[in-house]
>>> print(open('data.cif').read())   # mmCIF, C-alpha atoms
data_final
loop_
_atom_site.label_atom_id
_atom_site.label_comp_id
_atom_site.auth_asym_id
_atom_site.auth_seq_id
_atom_site.Cartn_x
_atom_site.Cartn_y
_atom_site.Cartn_z
CA MET B 1 24.44 -9.45 -7.59
CA PRO B 2 26.71 -12.14 -6.09
CA ALA B 3 25.64 -15.70 -6.77
CA LEU B 4 24.18 -17.75 -3.96
CA ASP B 5 26.23 -20.82 -3.13
CA GLY B 6 23.19 -22.77 -2.04
CA LEU B 7 22.18 -24.56 1.10
CA PRO B 8 23.60 -28.00 1.95
CA GLY B 9 22.49 -30.68 -0.49
CA GLN B 10 20.83 -28.25 -2.90
CA SER B 11 21.61 -27.13 -6.41
CA ARG B 12 21.28 -23.55 -7.59
CA THR B 13 17.84 -24.17 -9.08
CA ASP B 14 15.91 -26.04 -6.38
CA ARG B 15 15.95 -23.54 -3.52
CA THR B 16 12.66 -22.06 -2.41
CA ILE B 17 11.42 -18.99 -0.55
CA TYR B 18 8.13 -18.29 1.15
CA ILE B 19 7.28 -14.58 1.57
CA GLU B 20 4.51 -13.38 3.88
CA THR B 21 3.57 -9.72 3.46
CA TYR B 22 2.16 -7.28 6.01
CA GLY B 23 1.13 -3.66 5.56
CA CYS B 24 0.55 -1.44 2.56
CA GLN B 25 0.75 -1.90 -1.21
CA MET B 26 4.35 -0.70 -1.08
CA ASN B 27 5.16 -3.81 0.93
CA VAL B 28 3.31 -5.99 -1.58
CA ALA B 29 5.43 -4.48 -4.34
CA ASP B 30 8.58 -4.92 -2.25
CA SER B 31 7.78 -8.60 -1.73
CA GLU B 32 7.58 -9.00 -5.49
CA LEU B 33 10.89 -7.15 -5.74
CA ILE B 34 12.50 -9.47 -3.17
CA ALA B 35 11.26 -12.46 -5.16
CA GLY B 36 12.86 -10.91 -8.25
CA VAL B 37 16.17 -10.38 -6.45
CA LEU B 38 16.28 -13.98 -5.24
CA ALA B 39 15.11 -15.35 -8.59
CA ARG B 40 18.44 -14.12 -9.94
CA GLY B 41 20.10 -16.39 -7.40
CA GLY B 42 18.07 -19.46 -8.30
CA TYR B 43 15.28 -19.24 -5.73
CA ALA B 44 11.69 -20.06 -6.63
CA SER B 45 8.74 -18.68 -4.68
CA VAL B 46 6.39 -21.15 -2.99
CA ALA B 47 2.95 -20.66 -1.48
CA ASN B 48 3.46 -22.97 1.51
CA PRO B 49 6.04 -22.25 4.23
CA GLU B 50 6.46 -25.99 4.81
CA HIS B 51 8.04 -26.24 1.35
CA ALA B 52 10.46 -23.33 1.81
CA ASP B 53 14.17 -23.16 2.52
CA ILE B 54 13.79 -19.45 3.35
CA ILE B 55 10.83 -18.00 5.27
CA LEU B 56 10.70 -14.22 5.01
CA LEU B 57 8.17 -11.91 6.64
CA ASN B 58 8.00 -8.52 4.93
CA THR B 59 6.82 -6.22 7.67
CA CYS B 60 5.07 -2.96 8.53
CA ALA B 61 6.01 -0.51 11.29
CA ILE B 62 3.16 1.99 11.03
CA ARG B 63 1.33 0.69 14.10
CA GLU B 64 2.41 -1.21 17.17
CA ASN B 65 -0.22 -3.95 16.89
CA ALA B 66 1.06 -4.79 13.39
CA GLU B 67 4.55 -5.31 14.81
CA GLN B 68 3.17 -7.49 17.59
CA ARG B 69 1.37 -9.73 15.07
CA VAL B 70 4.58 -10.13 13.08
CA ALA B 71 6.60 -11.00 16.20
CA GLN B 72 4.07 -13.68 17.14
CA ARG B 73 4.09 -15.06 13.61
CA VAL B 74 7.87 -15.26 13.31
CA ARG B 75 8.11 -16.99 16.70
CA HIS B 76 5.56 -19.51 15.41
CA PHE B 77 7.76 -20.27 12.41
CA ILE B 78 10.86 -20.56 14.60
CA SER B 79 9.05 -22.98 16.92
CA ALA B 80 7.71 -25.02 14.01
CA ARG B 81 11.18 -25.29 12.52
CA GLU B 82 12.30 -27.42 15.46
CA ASN B 83 15.78 -28.74 14.68
CA ASN B 84 15.75 -28.24 10.91
CA SER B 85 18.63 -25.77 10.77
CA ARG B 86 18.50 -25.77 6.98
CA VAL B 87 15.42 -23.52 7.02
CA ARG B 88 16.36 -19.88 7.53
CA ILE B 89 13.87 -17.36 8.90
CA GLY B 90 14.14 -13.61 8.47
CA LEU B 91 12.39 -10.27 8.70
CA ALA B 92 12.38 -7.62 5.99
CA GLY B 93 10.88 -4.21 5.52
CA CYS B 94 9.87 -1.37 7.80
CA MET B 95 9.73 -3.21 11.13
CA ALA B 96 13.14 -4.69 10.38
CA GLN B 97 14.52 -1.21 9.74
CA HIS B 98 12.70 0.30 12.71
CA HIS B 99 14.12 -2.06 15.34
CA ARG B 100 17.33 -3.00 13.54
CA ASP B 101 19.84 -5.02 15.57
CA ARG B 102 17.53 -5.43 18.56
CA LEU B 103 15.40 -7.97 16.70
CA LEU B 104 18.07 -10.66 16.74
CA ASN B 105 18.26 -10.44 20.52
CA ALA B 106 14.53 -10.01 21.03
CA ILE B 107 13.60 -13.04 18.89
CA PRO B 108 16.03 -15.93 19.47
CA GLY B 109 16.27 -18.13 16.41
CA LEU B 110 15.83 -15.31 13.92
CA ASP B 111 18.48 -15.69 11.21
CA PHE B 112 18.55 -12.38 9.38
CA VAL B 113 17.09 -8.88 9.29
CA VAL B 114 17.05 -6.76 6.12
CA GLY B 115 15.77 -3.23 5.64
CA PRO B 116 14.02 -1.76 2.56
CA ASP B 117 17.32 -0.69 0.97
CA GLY B 118 19.15 -3.97 1.60
CA TYR B 119 17.31 -6.41 -0.67
CA ARG B 120 20.03 -6.35 -3.29
CA ARG B 121 22.40 -7.79 -0.67
CA LEU B 122 20.17 -10.60 0.54
CA ALA B 123 22.65 -13.09 -0.93
CA GLN B 124 25.29 -12.20 1.64
CA LEU B 125 22.82 -12.60 4.51
CA LEU B 126 21.70 -15.98 3.26
CA ASP B 127 25.27 -17.16 2.78
CA ALA B 128 26.38 -16.10 6.25
CA GLU B 129 26.70 -18.82 8.87
CA GLU B 130 25.77 -16.50 11.73
CA PRO B 131 22.64 -14.34 12.12
CA GLY B 132 23.10 -10.94 10.52
CA THR B 133 21.51 -7.65 9.58
CA ASP B 134 21.60 -5.26 6.65
CA VAL B 135 19.73 -2.10 7.56
CA ARG B 136 21.73 0.56 5.76
CA LEU B 137 19.61 3.26 4.17
CA ASP B 138 20.74 4.24 0.68
CA ARG B 139 19.75 7.60 -0.81
CA SER B 140 20.31 6.29 -4.34
CA GLU B 141 18.78 2.80 -4.21
CA THR B 142 15.72 2.46 -6.47
CA TYR B 143 16.09 -1.15 -7.69
CA GLN B 144 15.41 0.11 -11.19
CA ASP B 145 17.29 -2.83 -12.73
CA ILE B 146 15.39 -5.53 -10.81
CA ALA B 147 12.39 -7.20 -12.45
CA PRO B 148 9.77 -8.07 -9.81
CA VAL B 149 8.17 -11.50 -9.73
CA ARG B 150 4.51 -10.50 -9.77
CA ALA B 151 1.57 -12.57 -8.66
CA SER B 152 -0.92 -13.44 -11.37
CA GLY B 153 -4.04 -11.32 -11.69
CA VAL B 154 -5.40 -8.28 -13.48
CA ARG B 155 -3.62 -5.62 -11.38
CA ALA B 156 0.11 -4.87 -11.22
CA TRP B 157 1.94 -2.67 -8.72
CA LEU B 158 4.66 -0.37 -10.02
CA THR B 159 6.82 1.52 -7.51
CA ILE B 160 7.72 4.87 -9.08
CA MET B 161 9.50 6.41 -6.09
CA ARG B 162 10.85 5.38 -2.72
CA GLY B 163 11.14 7.18 0.60
CA CYS B 164 9.41 10.22 2.06
CA ASN B 165 10.48 13.78 2.85
CA ARG B 166 7.39 14.82 4.80
CA PHE B 167 8.28 13.83 8.40
CA CYS B 168 4.77 14.09 9.83
CA THR B 169 5.23 13.97 13.58
CA PHE B 170 3.35 10.69 14.09
CA CYS B 171 4.92 8.75 11.22
CA VAL B 172 7.94 6.47 11.23
CA VAL B 173 8.12 5.99 7.43
CA PRO B 174 10.84 8.57 6.61
CA TYR B 175 13.08 6.97 9.23
CA VAL B 176 12.66 3.43 7.89
CA ARG B 177 12.46 4.13 4.15
CA GLY B 178 14.75 7.12 3.81
CA ARG B 179 14.45 10.21 1.62
CA GLU B 180 12.45 10.54 -1.58
CA ARG B 181 14.02 9.39 -4.83
CA SER B 182 12.19 8.89 -8.12
CA LEU B 183 12.86 6.25 -10.73
CA PRO B 184 13.57 7.54 -14.27
CA ALA B 185 10.43 7.85 -16.37
CA ASP B 186 11.91 5.85 -19.25
CA VAL B 187 12.60 2.92 -16.89
CA LEU B 188 9.01 3.07 -15.62
CA ILE B 189 7.50 3.22 -19.09
CA LYS B 190 9.57 0.23 -20.18
CA GLU B 191 8.37 -1.73 -17.16
CA ALA B 192 4.77 -0.67 -17.81
CA HIS B 193 5.01 -2.05 -21.36
CA SER B 194 6.27 -5.32 -19.87
CA ILE B 195 3.35 -5.32 -17.43
CA ALA B 196 0.91 -4.93 -20.32
CA ALA B 197 2.66 -7.67 -22.30
CA HIS B 198 2.19 -10.05 -19.38
CA GLY B 199 -1.58 -9.54 -19.49
CA PHE B 200 -2.18 -7.15 -16.60
CA ARG B 201 -5.05 -4.77 -17.34
CA GLU B 202 -4.59 -2.26 -14.50
CA ILE B 203 -1.42 -0.60 -13.25
CA VAL B 204 -1.12 1.03 -9.83
CA LEU B 205 1.66 3.57 -9.35
CA LEU B 206 3.11 3.46 -5.84
CA GLY B 207 5.03 5.85 -3.61
CA GLN B 208 4.87 7.01 -0.01
CA THR B 209 4.03 10.47 -1.41
CA VAL B 210 3.41 9.27 -4.94
CA ASN B 211 2.31 12.62 -6.40
CA ALA B 212 5.65 14.17 -5.38
CA TYR B 213 7.23 12.11 -8.16
CA ASN B 214 9.74 14.00 -10.28
CA ASP B 215 12.77 12.45 -11.99
CA GLY B 216 14.17 15.85 -12.95
CA THR B 217 12.41 16.11 -16.31
CA THR B 218 9.07 14.38 -15.78
CA ASP B 219 6.60 15.28 -13.05
CA PHE B 220 3.74 13.17 -11.79
CA GLY B 221 1.10 14.62 -14.11
CA ALA B 222 3.30 13.99 -17.14
CA LEU B 223 3.94 10.42 -15.97
CA LEU B 224 0.19 9.79 -15.68
CA ARG B 225 -0.25 10.88 -19.29
CA MET B 226 2.60 8.64 -20.43
CA MET B 227 1.13 5.65 -18.63
CA SER B 228 -2.26 6.31 -20.22
CA ASP B 229 -0.74 5.97 -23.69
CA ILE B 230 0.36 2.36 -23.15
CA ASP B 231 -1.61 -0.15 -25.20
CA GLY B 232 -3.02 -3.04 -23.22
CA ILE B 233 -3.41 -1.09 -19.98
CA ASP B 234 -7.05 -0.20 -19.40
CA ARG B 235 -6.75 1.55 -16.06
CA VAL B 236 -4.14 3.61 -14.23
CA ARG B 237 -4.38 4.29 -10.50
CA PHE B 238 -1.99 5.57 -7.86
CA THR B 239 -1.51 5.64 -4.10
CA SER B 240 -0.86 7.33 -1.76
CA PRO B 241 -0.72 11.03 -2.59
CA HIS B 242 -0.21 13.90 -0.17
CA PRO B 243 -2.71 16.80 -0.34
CA ALA B 244 0.09 19.40 -0.39
CA ASP B 245 1.68 17.74 -3.45
CA MET B 246 -1.48 17.61 -5.58
CA ALA B 247 -0.26 19.85 -8.41
CA ASP B 248 -2.31 21.23 -11.30
CA SER B 249 -0.59 18.89 -13.76
CA ALA B 250 -1.80 15.82 -11.86
CA ILE B 251 -5.39 17.08 -11.55
CA GLU B 252 -5.46 17.96 -15.25
CA ALA B 253 -4.09 14.53 -16.19
CA MET B 254 -6.82 12.86 -14.13
CA ARG B 255 -9.37 15.05 -15.90
CA ASP B 256 -8.05 14.49 -19.42
CA CYS B 257 -6.95 10.85 -19.41
CA GLY B 258 -9.80 8.38 -19.62
CA LYS B 259 -7.63 5.53 -18.34
CA VAL B 260 -6.77 7.31 -15.09
CA SER B 261 -9.37 6.20 -12.57
CA PRO B 262 -11.62 8.89 -11.07
CA TYR B 263 -10.60 7.82 -7.59
CA LEU B 264 -8.28 9.56 -5.16
CA HIS B 265 -7.08 8.55 -1.72
CA LEU B 266 -6.54 11.90 -0.01
CA PRO B 267 -5.29 11.47 3.59
CA LEU B 268 -6.74 14.04 5.99
CA GLN B 269 -5.75 12.67 9.45
CA SER B 270 -7.66 15.40 11.33
CA GLY B 271 -10.34 18.00 10.67
CA SER B 272 -8.75 20.47 13.09
CA ASP B 273 -6.21 23.04 11.93
CA ARG B 274 -4.66 22.98 15.38
CA ILE B 275 -4.06 19.24 15.25
CA LEU B 276 -2.88 19.36 11.63
CA ALA B 277 -0.29 21.93 12.66
CA ALA B 278 0.79 19.75 15.60
CA MET B 279 1.13 16.82 13.17
CA ASP B 280 3.13 19.03 10.77
CA ARG B 281 0.95 17.95 7.86
CA GLY B 282 1.87 20.90 5.68
CA HIS B 283 -1.63 22.13 4.81
CA THR B 284 -4.68 23.70 6.42
CA ILE B 285 -8.31 22.63 6.35
CA ASP B 286 -9.11 25.52 4.00
CA GLU B 287 -6.42 24.41 1.56
CA TYR B 288 -7.64 20.82 1.75
CA MET B 289 -11.26 21.78 1.11
CA ARG B 290 -10.31 24.03 -1.81
CA LEU B 291 -8.50 21.04 -3.29
CA VAL B 292 -11.57 18.84 -2.81
CA GLU B 293 -13.75 21.50 -4.45
CA ARG B 294 -11.46 21.75 -7.45
CA LEU B 295 -11.25 17.97 -7.84
CA ARG B 296 -15.02 17.70 -7.89
CA ILE B 297 -15.30 20.47 -10.47
CA GLU B 298 -12.65 19.01 -12.76
CA ILE B 299 -13.63 15.34 -12.21
CA PRO B 300 -17.35 15.27 -11.35
CA ASP B 301 -17.56 11.48 -10.89
CA ILE B 302 -14.52 11.24 -8.60
CA ALA B 303 -14.63 9.06 -5.49
CA LEU B 304 -12.60 10.12 -2.46
CA SER B 305 -11.17 8.11 0.41
CA THR B 306 -9.04 9.20 3.33
CA ASP B 307 -7.02 8.31 6.44
CA ILE B 308 -8.08 9.50 9.88
CA ILE B 309 -6.26 9.36 13.23
CA VAL B 310 -8.23 9.88 16.43
CA GLY B 311 -6.73 10.64 19.81
CA TYR B 312 -3.57 12.43 18.70
CA PRO B 313 -1.98 14.14 21.74
CA GLY B 314 -3.83 17.35 22.47
CA GLU B 315 -6.99 16.40 20.55
CA THR B 316 -9.99 17.86 22.36
CA GLU B 317 -13.65 17.03 21.94
CA ALA B 318 -13.92 20.14 19.75
CA ASP B 319 -11.04 18.96 17.55
CA PHE B 320 -12.66 15.55 17.21
CA ALA B 321 -16.04 17.10 16.40
CA ALA B 322 -14.37 19.14 13.66
CA THR B 323 -13.02 15.92 12.17
CA ALA B 324 -16.44 14.24 12.25
CA ASP B 325 -18.09 17.32 10.69
CA LEU B 326 -15.49 17.59 7.94
CA MET B 327 -15.83 13.91 7.04
CA ASP B 328 -19.53 14.48 6.58
CA GLU B 329 -18.96 17.65 4.58
CA VAL B 330 -16.52 15.96 2.19
CA GLY B 331 -18.65 12.83 1.94
CA TYR B 332 -15.90 10.24 1.67
CA ASP B 333 -16.69 7.05 -0.19
CA HIS B 334 -14.33 5.17 2.11
CA ALA B 335 -12.12 5.92 5.09
CA PHE B 336 -9.31 4.15 6.92
CA MET B 337 -9.65 5.15 10.56
CA PHE B 338 -7.25 4.41 13.41
CA LYS B 339 -6.44 5.27 17.00
CA TYR B 340 -3.22 7.20 17.49
CA SER B 341 -0.34 4.84 18.20
CA ARG B 342 2.88 6.27 19.60
CA ARG B 343 5.82 5.12 17.49
CA GLU B 344 9.38 5.00 18.73
CA GLY B 345 11.69 7.33 16.85
CA THR B 346 9.02 9.76 15.64
CA ARG B 347 8.87 13.41 16.63
CA ALA B 348 5.62 12.78 18.52
CA GLU B 349 7.13 10.00 20.61
CA LYS B 350 7.94 12.29 23.54
CA VAL B 351 4.71 14.30 23.37
CA LYS B 352 2.52 13.52 26.36
CA GLU B 353 -0.66 11.68 25.47
CA THR B 354 -3.82 13.46 26.61
CA VAL B 355 -6.58 11.20 25.29
CA SER B 356 -7.45 8.05 27.21
CA GLU B 357 -7.81 4.69 25.50
CA GLN B 358 -11.49 4.74 26.42
CA ASP B 359 -11.99 8.07 24.66
CA LYS B 360 -9.93 6.94 21.67
CA ASN B 361 -12.11 3.86 21.32
CA ALA B 362 -15.32 5.84 21.64
CA ARG B 363 -14.24 8.40 19.07
CA LEU B 364 -13.10 5.73 16.65
CA GLN B 365 -16.31 3.73 16.95
CA ARG B 366 -18.36 6.87 16.31
CA LEU B 367 -16.44 7.66 13.12
CA ILE B 368 -16.69 4.08 11.91
CA ALA B 369 -20.46 4.01 12.45
CA GLU B 370 -20.94 7.36 10.72
CA GLN B 371 -18.76 6.31 7.79
CA LEU B 372 -20.70 3.07 7.29
CA THR B 373 -23.94 5.06 7.13
CA ARG B 374 -22.34 7.60 4.78
CA ALA B 375 -20.87 4.98 2.45
CA THR B 376 -24.15 3.08 2.31
CA ALA B 377 -26.04 6.22 1.26
CA ILE B 378 -23.42 7.08 -1.38
CA ASN B 379 -23.39 3.56 -2.81
CA GLN B 380 -27.17 3.23 -2.90
CA LYS B 381 -27.30 6.21 -5.24
CA ARG B 382 -25.63 3.91 -7.77
CA ILE B 383 -28.61 1.53 -7.86
CA GLY B 384 -30.18 1.53 -11.32
CA HIS B 385 -27.01 2.84 -12.97
CA ALA B 386 -24.51 0.93 -15.06
CA THR B 387 -20.79 0.90 -14.37
CA GLU B 388 -17.72 -0.61 -16.03
CA VAL B 389 -16.12 -3.38 -13.99
CA LEU B 390 -12.78 -5.09 -14.43
CA ALA B 391 -13.55 -8.72 -13.52
CA GLU B 392 -10.87 -10.00 -11.14
CA PHE B 393 -11.82 -13.31 -9.53
CA PRO B 394 -14.78 -15.55 -8.57
CA ALA B 395 -17.04 -14.10 -5.88
CA ARG B 396 -16.51 -15.66 -2.47
CA LYS B 397 -20.18 -16.14 -1.54
CA GLN B 398 -22.27 -16.18 -4.73
CA LYS B 399 -21.44 -19.31 -6.71
CA GLY B 400 -20.84 -18.56 -10.38
CA TRP B 401 -20.59 -14.81 -9.80
CA LEU B 402 -17.51 -12.63 -10.25
CA SER B 403 -15.98 -9.78 -8.27
CA GLY B 404 -14.11 -6.76 -9.57
CA LYS B 405 -13.56 -3.04 -9.28
CA ASP B 406 -15.29 -0.17 -11.04
CA PRO B 407 -13.50 3.07 -12.05
CA GLN B 408 -14.13 4.55 -8.59
CA PHE B 409 -12.39 1.49 -7.08
CA LYS B 410 -15.58 0.18 -5.52
CA THR B 411 -15.97 -3.56 -5.18
CA VAL B 412 -18.68 -4.88 -7.48
CA VAL B 413 -19.98 -8.45 -7.20
CA PHE B 414 -22.05 -9.42 -10.22
CA GLU B 415 -23.76 -12.20 -12.11
CA PRO B 416 -21.72 -12.55 -15.31
CA LYS B 417 -22.50 -13.75 -18.80
CA SER B 418 -19.09 -15.43 -18.88
CA THR B 419 -16.90 -16.56 -15.99
CA ASP B 420 -13.70 -15.34 -17.67
CA VAL B 421 -11.73 -12.89 -15.53
CA GLY B 422 -9.71 -10.01 -16.94
CA ARG B 423 -12.66 -8.63 -18.92
CA LEU B 424 -14.05 -5.11 -18.81
CA VAL B 425 -17.79 -5.60 -18.50
CA THR B 426 -20.81 -3.38 -18.04
CA VAL B 427 -22.73 -4.11 -14.85
CA MET B 428 -26.14 -2.79 -13.84
CA ILE B 429 -26.15 -2.10 -10.09
CA GLU B 430 -29.18 -3.60 -8.34
CA SER B 431 -28.30 -3.28 -4.63
CA ALA B 432 -25.59 -1.79 -2.48
CA GLY B 433 -24.13 -1.82 1.02
CA PRO B 434 -21.33 0.21 2.62
CA GLN B 435 -18.55 -1.90 1.09
CA THR B 436 -19.98 -3.66 -1.97
CA LEU B 437 -22.19 -3.06 -4.97
CA LEU B 438 -24.23 -5.96 -6.39
CA GLY B 439 -25.51 -6.29 -9.93
CA ARG B 440 -25.57 -8.22 -13.17
CA GLU B 441 -23.69 -7.99 -16.42
CA VAL B 442 -25.68 -6.36 -19.22
#
>>> encode(input="data.cif", output="structure tokens")
Amino acid sequence: MPALDGLPGQSRTDRTIYIETYGCQMNVADSELIAGVLARGGYASVANPEHADIILLNTCAIRENAEQRVAQRVRHFISARENNSRVRIGLAGCMAQHHRDRLLNAIPGLDFVVGPDGYRRLAQLLDAEEPGTDVRLDRSETYQDIAPVRASGVRAWLTIMRGCNRFCTFCVVPYVRGRERSLPADVLIKEAHSIAAHGFREIVLLGQTVNAYNDGTTDFGALLRMMSDIDGIDRVRFTSPHPADMADSAIEAMRDCGKVSPYLHLPLQSGSDRILAAMDRGHTIDEYMRLVERLRIEIPDIALSTDIIVGYPGETEADFAATADLMDEVGYDHAFMFKYSRREGTRAEKVKETVSEQDKNARLQRLIAEQLTRATAINQKRIGHATEVLAEFPARKQKGWLSGKDPQFKTVVFEPKSTDVGRLVTVMIESAGPQTLLGREV
């Protein structure tokens, strides 16, 4: 990577960058990657934008309101900068790729725009005297030689593949992150050993369709087994898989490997075959339910979560009712539920919307209410049972208590015997709500 020449009056070692992250775990991992790229050029990450020479917003393009929040935030930084031309402000990630060159015109004062495959070339953008963009997609870029600068904690993100080949009609991701490409397994295992050596206890494997991973010799199930053999790592998780890519090898690895968490995020989007076909999801309801049945047979204590979109063009009341019924039949532990948002550049962009905002809101609120009731009932069945919790940080409300995750990725707030984080402890559950379990260490 070319060396950075530095900003006026600065040496190579006193330049600072503030990164603000929006969106999914992939963006969190990419922010750590960006910090790693710039660390090679002498930049140090700071937690306060007032102390930064570079302010970078790593963005999401999945929904319009997320892009609007980012635009407001970057305009705030530009306004706060006043006449300090030394501070450079830029956008990275999916929104940057989605809107490309238009951003520089739409947001006066923005200095640079870089897409998900351009981080290696950030040096050139920072050195340039004029505002610039780097939004080239690269079918071979995996950043396998870049060491991320990870935040401290018990959990580390590890990107095992980039891009997506699915092209669901509503989704912009394949257009802003490019085609699928997997990192070599030996590179990932080496990085996982480094993660363990730095004291992380849990590793989360990331990919837009993470269970489609295949480097040519190692598939996703084999990679799960390899990760489970690493000393120092107590838990292995992954997100987000696609139902159509959930192969036997992955299910069997989840069943056989005690370190692989019995938790699976399994996006559904709709409970109607007609709407799934319109979305080009690549599976039917029957295929999805047979997968759920097999998962529950092979991994009896598995927890399931999902994504749901209401109000997709053409969704009728019957289609929506099928979604609500299927959510109840599956019994999801958690669900991320959203109104359909038309995204520029997707295949669904030109499809006429048929569901009013009022109906979208009503349908969404019904699903949210039903899911809260469902999750509460599921969690309350845990009362009186012990679970293993990885202690992560002090609880926000209960002084002296800790918060962490159990194997099913449920948040557990508990009264500890020791306030040390990073421990695996046994907690007896004494009460539960829709989002949190409460208990005490035993």
>>> residues_around(input="data.cif", residues="Glu64 of chain B", least_positions_apart="3", cutoff="8 Å", atoms="only C-alpha atoms", output="JSON, numbers by chain")
{"B": [61, 67, 68, 341, 342, 343]}
>>> resolve_selection(input="data.cif", expression="the PyMOL selection byres ((chain B and resi 165-177) around 7)", output="number ranges by chain")
B: 62, 94, 97-98, 116, 163-164, 178-180, 279-281, 343, 345-348
>>> closest_residue(input="data.cif", among="B:Asn361, B:Thr373, B:Thr142, B:Ser418", to="Met337 of chain B", atoms="only C-alpha atoms")
B:Asn361
>>> closest_residue(input="data.cif", among="B:Val187, B:Ile383, B:Ala35, B:Leu264", to="Met227 of chain B", atoms="all atoms listed in the file")
B:Val187
>>> closest_residue(input="data.cif", among="B:Tyr312, B:Phe112, B:Phe238, B:Tyr288", to="His265 of chain B", atoms="all atoms listed in the file")
B:Phe238
>>> resolve_selection(input="data.cif", expression="the PyMOL selection byres ((chain B and resi 53) around 7)", output="PyMOL selection string")
chain B and resi 15-17+51-52+54-55+86-88
>>> closest_atom_pairs(input="data.cif", of="segment 22-115 of chain B", to="segment 123-130 of chain B", cutoff="12 Å", atoms="all atoms listed in the file", output="JSON lines")
{"residue": "B:Ile34", "atom": "CA", "partner": "B:Ala123", "partner_atom": "CA", "distance": 11.0}
{"residue": "B:Val37", "atom": "CA", "partner": "B:Ala123", "partner_atom": "CA", "distance": 8.9}
{"residue": "B:Leu38", "atom": "CA", "partner": "B:Ala123", "partner_atom": "CA", "distance": 7.7}
{"residue": "B:Ala39", "atom": "CA", "partner": "B:Ala123", "partner_atom": "CA", "distance": 11.0}
{"residue": "B:Arg40", "atom": "CA", "partner": "B:Ala123", "partner_atom": "CA", "distance": 10.0}
{"residue": "B:Gly41", "atom": "CA", "partner": "B:Ala123", "partner_atom": "CA", "distance": 7.7}
{"residue": "B:Gly42", "atom": "CA", "partner": "B:Ala123", "partner_atom": "CA", "distance": 10.8}
{"residue": "B:Tyr43", "atom": "CA", "partner": "B:Ala123", "partner_atom": "CA", "distance": 10.7}
{"residue": "B:Asp53", "atom": "CA", "partner": "B:Leu126", "partner_atom": "CA", "distance": 10.4}
{"residue": "B:Ile54", "atom": "CA", "partner": "B:Leu126", "partner_atom": "CA", "distance": 8.6}
{"residue": "B:Ile55", "atom": "CA", "partner": "B:Leu126", "partner_atom": "CA", "distance": 11.2}
{"residue": "B:Leu56", "atom": "CA", "partner": "B:Leu126", "partner_atom": "CA", "distance": 11.3}
{"residue": "B:Ser85", "atom": "CA", "partner": "B:Glu129", "partner_atom": "CA", "distance": 10.8}
{"residue": "B:Arg86", "atom": "CA", "partner": "B:Glu129", "partner_atom": "CA", "distance": 10.9}
{"residue": "B:Val87", "atom": "CA", "partner": "B:Leu126", "partner_atom": "CA", "distance": 10.5}
{"residue": "B:Arg88", "atom": "CA", "partner": "B:Leu126", "partner_atom": "CA", "distance": 7.9}
{"residue": "B:Ile89", "atom": "CA", "partner": "B:Leu126", "partner_atom": "CA", "distance": 9.7}
{"residue": "B:Gly90", "atom": "CA", "partner": "B:Leu126", "partner_atom": "CA", "distance": 9.5}
{"residue": "B:Leu91", "atom": "CA", "partner": "B:Leu125", "partner_atom": "CA", "distance": 11.5}
{"residue": "B:Ala92", "atom": "CA", "partner": "B:Leu125", "partner_atom": "CA", "distance": 11.7}
{"residue": "B:Leu104", "atom": "CA", "partner": "B:Glu130", "partner_atom": "CA", "distance": 10.9}
{"residue": "B:Gly109", "atom": "CA", "partner": "B:Glu130", "partner_atom": "CA", "distance": 10.7}
{"residue": "B:Leu110", "atom": "CA", "partner": "B:Glu130", "partner_atom": "CA", "distance": 10.2}
{"residue": "B:Asp111", "atom": "CA", "partner": "B:Glu130", "partner_atom": "CA", "distance": 7.4}
{"residue": "B:Phe112", "atom": "CA", "partner": "B:Leu125", "partner_atom": "CA", "distance": 6.5}
{"residue": "B:Val113", "atom": "CA", "partner": "B:Leu125", "partner_atom": "CA", "distance": 8.3}
{"residue": "B:Val114", "atom": "CA", "partner": "B:Leu125", "partner_atom": "CA", "distance": 8.4}
{"residue": "B:Gly115", "atom": "CA", "partner": "B:Leu125", "partner_atom": "CA", "distance": 11.8}
>>> write_last_selection(input="data.cif", atoms="C-alpha atoms", output="compact mmCIF listing (two decimals), in the frame of the given file")
# COMPACT_ATOMS: atom_id res chain seq x y z
CA ILE B 34 12.50 -9.47 -3.17
CA VAL B 37 16.17 -10.38 -6.45
CA LEU B 38 16.28 -13.98 -5.24
CA ALA B 39 15.11 -15.35 -8.59
CA ARG B 40 18.44 -14.12 -9.94
CA GLY B 41 20.10 -16.39 -7.40
CA GLY B 42 18.07 -19.46 -8.30
CA TYR B 43 15.28 -19.24 -5.73
CA ASP B 53 14.17 -23.16 2.52
CA ILE B 54 13.79 -19.45 3.35
CA ILE B 55 10.83 -18.00 5.27
CA LEU B 56 10.70 -14.22 5.01
CA SER B 85 18.63 -25.77 10.77
CA ARG B 86 18.50 -25.77 6.98
CA VAL B 87 15.42 -23.52 7.02
CA ARG B 88 16.36 -19.88 7.53
CA ILE B 89 13.87 -17.36 8.90
CA GLY B 90 14.14 -13.61 8.47
CA LEU B 91 12.39 -10.27 8.70
CA ALA B 92 12.38 -7.62 5.99
CA LEU B 104 18.07 -10.66 16.74
CA GLY B 109 16.27 -18.13 16.41
CA LEU B 110 15.83 -15.31 13.92
CA ASP B 111 18.48 -15.69 11.21
CA PHE B 112 18.55 -12.38 9.38
CA VAL B 113 17.09 -8.88 9.29
CA VAL B 114 17.05 -6.76 6.12
CA GLY B 115 15.77 -3.23 5.64
>>> closest_residue(input="data.cif", among="B:Val412, B:Ile230, B:Ala391, B:Ala96", to="Val425 of chain B", atoms="all atoms listed in the file")
B:Ala391
